[in-house]
2 protein chains.
Amino acid sequence: MIRVLVVDDEPQLLRAMRINLTARRYEVVVAADGAGALDAAAKHLPDVVVLDLGLPDMDGTDVIAGLRGWTKVPILVLSGRADSADKVDALDAGADDYVTKPFSMDELMARLRALIRRSETETAAEPAVTIGHYTVDLAAKTVQRRSGAPEQTPEQVHLTKTEWAVLEVLVRNPGRLVSGKQLLQQVWGPAYQSETNYLRFYLAKLRQKLEPEPSHPRQLLTEPGMGYRFEP
Amino acid sequence: MIRVLVVDDEPQLLRAMRINLTARRYEVVVAADGAGALDAAAKHLPDVVVLDLGLPDMDGTDVIAGLRGWTKVPILVLSGRADSADKVDALDAGADDYVTKPFSMDELMARLRALIRRSETETAAEPAVTIGHYTVDLAAKTVQRRSGAPEQTPEQVHLTKTEWAVLEVLVRNPGRLVSGKQLLQQVWGPAYQSETNYLRFYLAKLRQKLEPEPSHPRQLLTEPGMGYRFEP
DNA sequence: CGGTCGCTGTCAACGCGATGAGTCCCGCGG
DNA sequence: CCGCGGGACTCATCGCGTTGACAGCGACCG
């Protein structure tokens with residue numbers, strides 16, 4: 001869940017933000033002043049910060065500087081002042097966006113999405129799955145031996161294009177049964193529905209490469225007459 | 001030098017932008033319509049795009065979509081329309097910021113700086129990597145022989161522009177598989193998707209220049225049917 | 001209880017596509 | 001005018017995908 005730190009001294013605005021953000025499935029952390037904002041940021045490590053510049057205890061740019069001293073978290077600034085000099089100061093201090101009050105909540109949410117989208121692509125971390133003695137990284141397309149695995153197992157395993165395609169469909173449906181027809185269509189295209197020998201062949205290859213005992217698979221399972229299943 | 005693509009159909013605004021950007025040491029490329037914008041982006045590979053939504057030939061969000069199809073370059077949208085629905089549409093289409101006309105040039109420049117700052121921190125992670133007997137410095141664009149390397153290897157290696165572009169994409173994704181399509185689009189632009197012979201040619205050149213045994217690459221690896229991978 | 005059928009796992013061989021390397025041509029800049 | 005880098009084409013080679021055959025196993029039926 002994406003965590004948003006909202007910093008503002010107006011309870012009404014805080015409340016409105018909390019309602020809107022929660023409704024959009026964000027996790028919300030709030031702070032009412034600059035010191036509280038820095039504390040909350042350090043404690044909760046938010047994914048994005050919405051910062052009102054008109055805080056009672058600190059200057060807005062100082063809050064930005066305090067955050068930028070140790071984190072690159074995206075900062076969206078709210079301010080009642082529309083003066084362009086204020087905007088330039090805040091942006092050059094390290095803010096990523098600047099919205100003047102009064103603002104449209106839809107626009108604010110769109111700007112938040114834009115910021116989150118950009119910071120997400122930086123840290124695009126695809127979940128890694130473990131099969132047998134190996135760690136499978138779908139994004140990097142790598143299979144590495146896990147630490148603690150027997151020495152004679154290869155350090156890295158090479159999977160071919162089709163092997164990846166089959167494995168990916170199974171791994172993306174963890175614990176769920178995938179019918180043979182569904183697998184064939186996803187990997188080979190809609191025209192392939194009955195070539196179950198392809199599946200047998202590639203499941204055998206995957207089990208040989210990944211399972212400790214290929215003849216007694218524990219994670220790449222066959223459901224006779226139904227299909228295949230990846231058990232995480 | 002940071003390259004800015006400015007897309008607008010008003011010559012006056014183009015002129016003003018060019019003057020301001022040039023004065024601030026940016027390299028400026030301009031386009032007057034959507035088709036020209038996509039062409040110019042593919043040809044010049046700008047570091048940031050300033051895009052007017054009111055273009056004569058295409059809808060603004062289509063231009064954004066056309067760019068986002070192959071590049072993550074930051075996009076700052078200019079628009080005469082202050083309607084929040086327009087802003088939401090543009091931002092959700094992939095824009096990073098939205099400024100309504102008339103605007104303050106100082107503010108626009110500050111917002112550009114904020115976008116560039118963020119995209120720089122994304123890409124400027126590891127400036128130096130080692131390949132074979134050489135140290136590759138992406139920032140300085142130099143390849144130097146490492147200490148301890150055999151004497152007969154050249155002290156310095158010269159890479160051409162395209163060679164750098166290919167190498168850079170690979171090195172910026174260490175250990176991850178990069179598909180041939182992705183490489184082609186990032187280096188040659190969106191129109192190139194199937195010219196895999198270019199890739200073979202330049203990968204061969206890079207391997208000849210960097211790998212100790214060009215015919216048995218150890219770090220610039222081919223994944224048959226899938227793409228290429230830089231192994232750190 | 002035995003036989004047969006259907007499904008699955010395994011294996012070897014073939015053909016094709018992708019890859020790597022070589023060569024030529026063209027445009028551009030010195 | 002020449003040299004260099006980039007693009008386009010060709011060809012030999014290798015690995016992968018495809019294909020078919022065959023054995024093992026369990027279920028169902030006679």
# chains A, B, ... in the order shown; residues from 1 in each chain; ligands from 1

call {"tool": "select_by_dssp", "arguments": {"residues": "segment 66-173 of chain B", "states": "strand (DSSP E)", "output": "ChimeraX atom specification"}}
result
/B:75-79,97-100,128-131,134-137,142-145,156-157

call {"tool": "write_last_selection", "arguments": {"atoms": "C-alpha atoms", "output": "compact mmCIF listing (two decimals), in the first residue's frame"}}
result
# COMPACT_ATOMS: atom_id res chain seq x y z
CA ILE B 75 6.74 15.84 -19.97
CA LEU B 76 5.61 19.28 -18.86
CA VAL B 77 2.28 20.24 -20.39
CA LEU B 78 1.31 23.78 -21.30
CA SER B 79 -2.33 24.55 -21.84
CA ASP B 97 3.39 18.53 -14.75
CA TYR B 98 0.71 20.85 -16.07
CA VAL B 99 0.99 24.64 -16.34
CA THR B 100 -1.84 26.87 -17.52
CA ALA B 128 31.51 3.62 -13.22
CA VAL B 129 31.36 -0.09 -13.97
CA THR B 130 33.98 -2.59 -15.03
CA ILE B 131 33.77 -4.70 -18.15
CA TYR B 134 38.31 -1.85 -18.63
CA THR B 135 36.57 0.68 -16.44
CA VAL B 136 33.57 2.31 -18.09
CA ASP B 137 32.62 5.75 -16.82
CA THR B 142 35.45 7.27 -21.05
CA VAL B 143 36.80 3.72 -21.14
CA GLN B 144 40.17 3.24 -19.45
CA ARG B 145 42.28 0.15 -19.01
CA GLN B 156 42.03 3.84 -23.79
CA VAL B 157 39.16 2.66 -25.93

call {"tool": "interface_residues", "arguments": {"of": "chain D", "to": "chain A", "cutoff": "10 Å", "atoms": "only C-alpha atoms (C1' of nucleotides)", "output": "PyMOL selection string"}}
result
chain D and resi 16-19

call {"tool": "interface_residues", "arguments": {"of": "chain B", "to": "chain C", "cutoff": "12 Å", "atoms": "only C-alpha atoms (C1' of nucleotides)", "output": "PyMOL selection string"}}
result
chain B and resi 196-205+207-208+214-217+221-228

call {"tool": "closest_atom_pairs", "arguments": {"of": "chain B", "to": "chain A", "cutoff": "6 Å", "atoms": "only C-alpha atoms", "output": "tab-separated table"}}
result
residue	atom	partner	partner_atom	distance
B:Ser84	CA	A:Glu107	CA	5.6
B:Val88	CA	A:Ala110	CA	5.3
B:Asp96	CA	A:Ala114	CA	5.7
B:Glu107	CA	A:Val88	CA	5.6
B:Ala110	CA	A:Val88	CA	5.3
B:Ala114	CA	A:Asp96	CA	5.7
B:Arg176	CA	A:Ala140	CA	4.0
B:Leu177	CA	A:Ala140	CA	5.2

call {"tool": "atom_distance", "arguments": {"atom1": "atom CA of Arg218 of chain A", "atom2": "atom CA of Pro174 of chain A"}}
result
13.5 Å

call {"tool": "select_by_dssp", "arguments": {"residues": "segment 18-136 of chain A", "states": "helix (DSSP H, G or I)", "output": "VMD selection string"}}
result
chain A and resid 18 to 23 34 to 44 60 to 68 84 to 93 105 to 122

call {"tool": "write_last_selection", "arguments": {"atoms": "C-alpha atoms", "output": "short mmCIF file (atom, residue, chain, number, x, y, z; two decimals), in the first residue's frame"}}
result
data_model
loop_
_atom_site.label_atom_id
_atom_site.label_comp_id
_atom_site.auth_asym_id
_atom_site.auth_seq_id
_atom_site.Cartn_x
_atom_site.Cartn_y
_atom_site.Cartn_z
CA ARG A 18 -7.62 11.76 4.69
CA ILE A 19 -11.08 10.89 3.40
CA ASN A 20 -10.10 11.27 -0.24
CA LEU A 21 -6.83 9.43 0.07
CA THR A 22 -8.27 6.59 2.11
CA ALA A 23 -11.07 6.17 -0.41
CA GLY A 34 7.04 21.19 10.42
CA ALA A 35 8.69 19.39 13.32
CA GLY A 36 5.95 16.80 13.33
CA ALA A 37 6.35 16.40 9.58
CA LEU A 38 10.05 15.61 9.84
CA ASP A 39 9.42 13.19 12.69
CA ALA A 40 6.60 11.47 10.85
CA ALA A 41 8.64 11.21 7.65
CA ALA A 42 11.53 9.59 9.50
CA LYS A 43 9.27 7.26 11.40
CA HIS A 44 6.86 6.16 8.68
CA GLY A 60 8.09 25.73 4.35
CA THR A 61 11.38 25.66 2.49
CA ASP A 62 13.12 24.61 5.71
CA VAL A 63 10.82 21.63 5.96
CA ILE A 64 11.64 20.73 2.38
CA ALA A 65 15.34 21.10 3.10
CA GLY A 66 14.97 18.97 6.22
CA LEU A 67 13.42 16.20 4.17
CA ARG A 68 15.79 16.51 1.24
CA SER A 84 5.64 32.86 -8.71
CA ALA A 85 8.63 33.71 -6.54
CA ASP A 86 7.26 31.48 -3.80
CA LYS A 87 6.81 28.67 -6.28
CA VAL A 88 10.35 29.05 -7.57
CA ASP A 89 11.72 29.01 -4.02
CA ALA A 90 9.84 25.89 -3.05
CA LEU A 91 10.63 24.03 -6.27
CA ASP A 92 14.29 24.94 -6.14
CA ALA A 93 14.42 23.89 -2.50
CA MET A 105 -9.20 17.63 -5.29
CA ASP A 106 -9.30 15.73 -8.59
CA GLU A 107 -6.34 17.67 -9.87
CA LEU A 108 -4.41 17.14 -6.68
CA MET A 109 -5.03 13.42 -6.83
CA ALA A 110 -3.92 13.34 -10.48
CA ARG A 111 -0.72 15.17 -9.58
CA LEU A 112 -0.11 12.72 -6.75
CA ARG A 113 -0.59 9.84 -9.15
CA ALA A 114 1.91 11.39 -11.54
CA LEU A 115 4.50 11.73 -8.79
CA ILE A 116 3.94 8.21 -7.52
CA ARG A 117 4.03 6.78 -11.02
CA ARG A 118 7.42 8.33 -11.64
CA SER A 119 8.97 7.26 -8.36
CA GLU A 120 7.58 3.78 -8.76
CA THR A 121 9.28 3.20 -12.07
CA GLU A 122 12.58 3.91 -10.34
#

call {"tool": "atom_distance", "arguments": {"atom1": "atom CA of Leu53 of chain A", "atom2": "atom CA of Val7 of chain A"}}
result
8.8 Å

call {"tool": "residues_around", "arguments": {"residues": "Leu184 of chain B", "least_positions_apart": "3", "cutoff": "9 Å", "atoms": "only C-alpha atoms (C1' of nucleotides)", "output": "NGL selection string"}}
result
:B and (166 or 179-181 or 187-196 or 198-199)

call {"tool": "write_last_selection", "arguments": {"atoms": "N, CA and C atoms", "output": "mmCIF file, in the first residue's frame"}}
result
data_model
loop_
_atom_site.group_PDB
_atom_site.id
_atom_site.type_symbol
_atom_site.label_atom_id
_atom_site.label_comp_id
_atom_site.auth_asym_id
_atom_site.auth_seq_id
_atom_site.Cartn_x
_atom_site.Cartn_y
_atom_site.Cartn_z
ATOM 1 N N VAL B 166 23.917 2.289 -26.768
ATOM 2 C CA VAL B 166 23.569 0.892 -26.520
ATOM 3 C C VAL B 166 24.124 0.449 -25.171
ATOM 4 N N SER B 179 15.044 -6.381 -23.451
ATOM 5 C CA SER B 179 14.564 -6.959 -24.701
ATOM 6 C C SER B 179 15.118 -6.182 -25.883
ATOM 7 N N GLY B 180 15.209 -6.880 -27.007
ATOM 8 C CA GLY B 180 15.718 -6.225 -28.195
ATOM 9 C C GLY B 180 14.871 -5.027 -28.584
ATOM 10 N N LYS B 181 13.578 -5.154 -28.448
ATOM 11 C CA LYS B 181 12.690 -4.047 -28.789
ATOM 12 C C LYS B 181 12.962 -2.838 -27.911
ATOM 13 N N VAL B 187 17.452 3.482 -28.196
ATOM 14 C CA VAL B 187 18.629 3.989 -28.892
ATOM 15 C C VAL B 187 18.260 4.642 -30.213
ATOM 16 N N TRP B 188 17.379 4.001 -30.967
ATOM 17 C CA TRP B 188 17.084 4.512 -32.312
ATOM 18 C C TRP B 188 15.729 5.204 -32.422
ATOM 19 N N GLY B 189 14.879 5.063 -31.416
ATOM 20 C CA GLY B 189 13.571 5.691 -31.477
ATOM 21 C C GLY B 189 12.473 4.680 -31.719
ATOM 22 N N PRO B 190 11.208 5.143 -31.602
ATOM 23 C CA PRO B 190 10.079 4.218 -31.594
ATOM 24 C C PRO B 190 9.840 3.519 -32.929
ATOM 25 N N ALA B 191 10.318 4.091 -34.030
ATOM 26 C CA ALA B 191 10.044 3.483 -35.322
ATOM 27 C C ALA B 191 10.840 2.194 -35.511
ATOM 28 N N TYR B 192 11.881 2.019 -34.717
ATOM 29 C CA TYR B 192 12.732 0.846 -34.874
ATOM 30 C C TYR B 192 12.350 -0.198 -33.832
ATOM 31 N N GLN B 193 11.825 -1.294 -34.288
ATOM 32 C CA GLN B 193 11.436 -2.337 -33.353
ATOM 33 C C GLN B 193 11.929 -3.698 -33.792
ATOM 34 N N SER B 194 12.186 -3.853 -35.068
ATOM 35 C CA SER B 194 12.512 -5.188 -35.552
ATOM 36 C C SER B 194 13.886 -5.249 -36.214
ATOM 37 N N GLU B 195 14.603 -4.139 -36.230
ATOM 38 C CA GLU B 195 15.923 -4.164 -36.863
ATOM 39 C C GLU B 195 16.944 -4.768 -35.906
ATOM 40 N N THR B 196 16.770 -6.056 -35.636
ATOM 41 C CA THR B 196 17.655 -6.675 -34.655
ATOM 42 C C THR B 196 19.088 -6.788 -35.169
ATOM 43 N N TYR B 198 20.831 -4.384 -36.275
ATOM 44 C CA TYR B 198 21.579 -3.278 -35.682
ATOM 45 C C TYR B 198 22.178 -3.702 -34.349
ATOM 46 N N LEU B 199 21.324 -4.329 -33.550
ATOM 47 C CA LEU B 199 21.772 -4.749 -32.224
ATOM 48 C C LEU B 199 22.921 -5.739 -32.342
#

call {"tool": "atom_distance", "arguments": {"atom1": "atom CA of Gly69 of chain B", "atom2": "atom CA of Leu51 of chain B"}}
result
16.0 Å

call {"tool": "residues_around", "arguments": {"residues": "Asp8 of chain A", "least_positions_apart": "2", "cutoff": "6 Å", "atoms": "only C-alpha atoms (C1' of nucleotides)", "output": "list in words"}}
result
Glu10, Ala32 and Asp52 of chain A
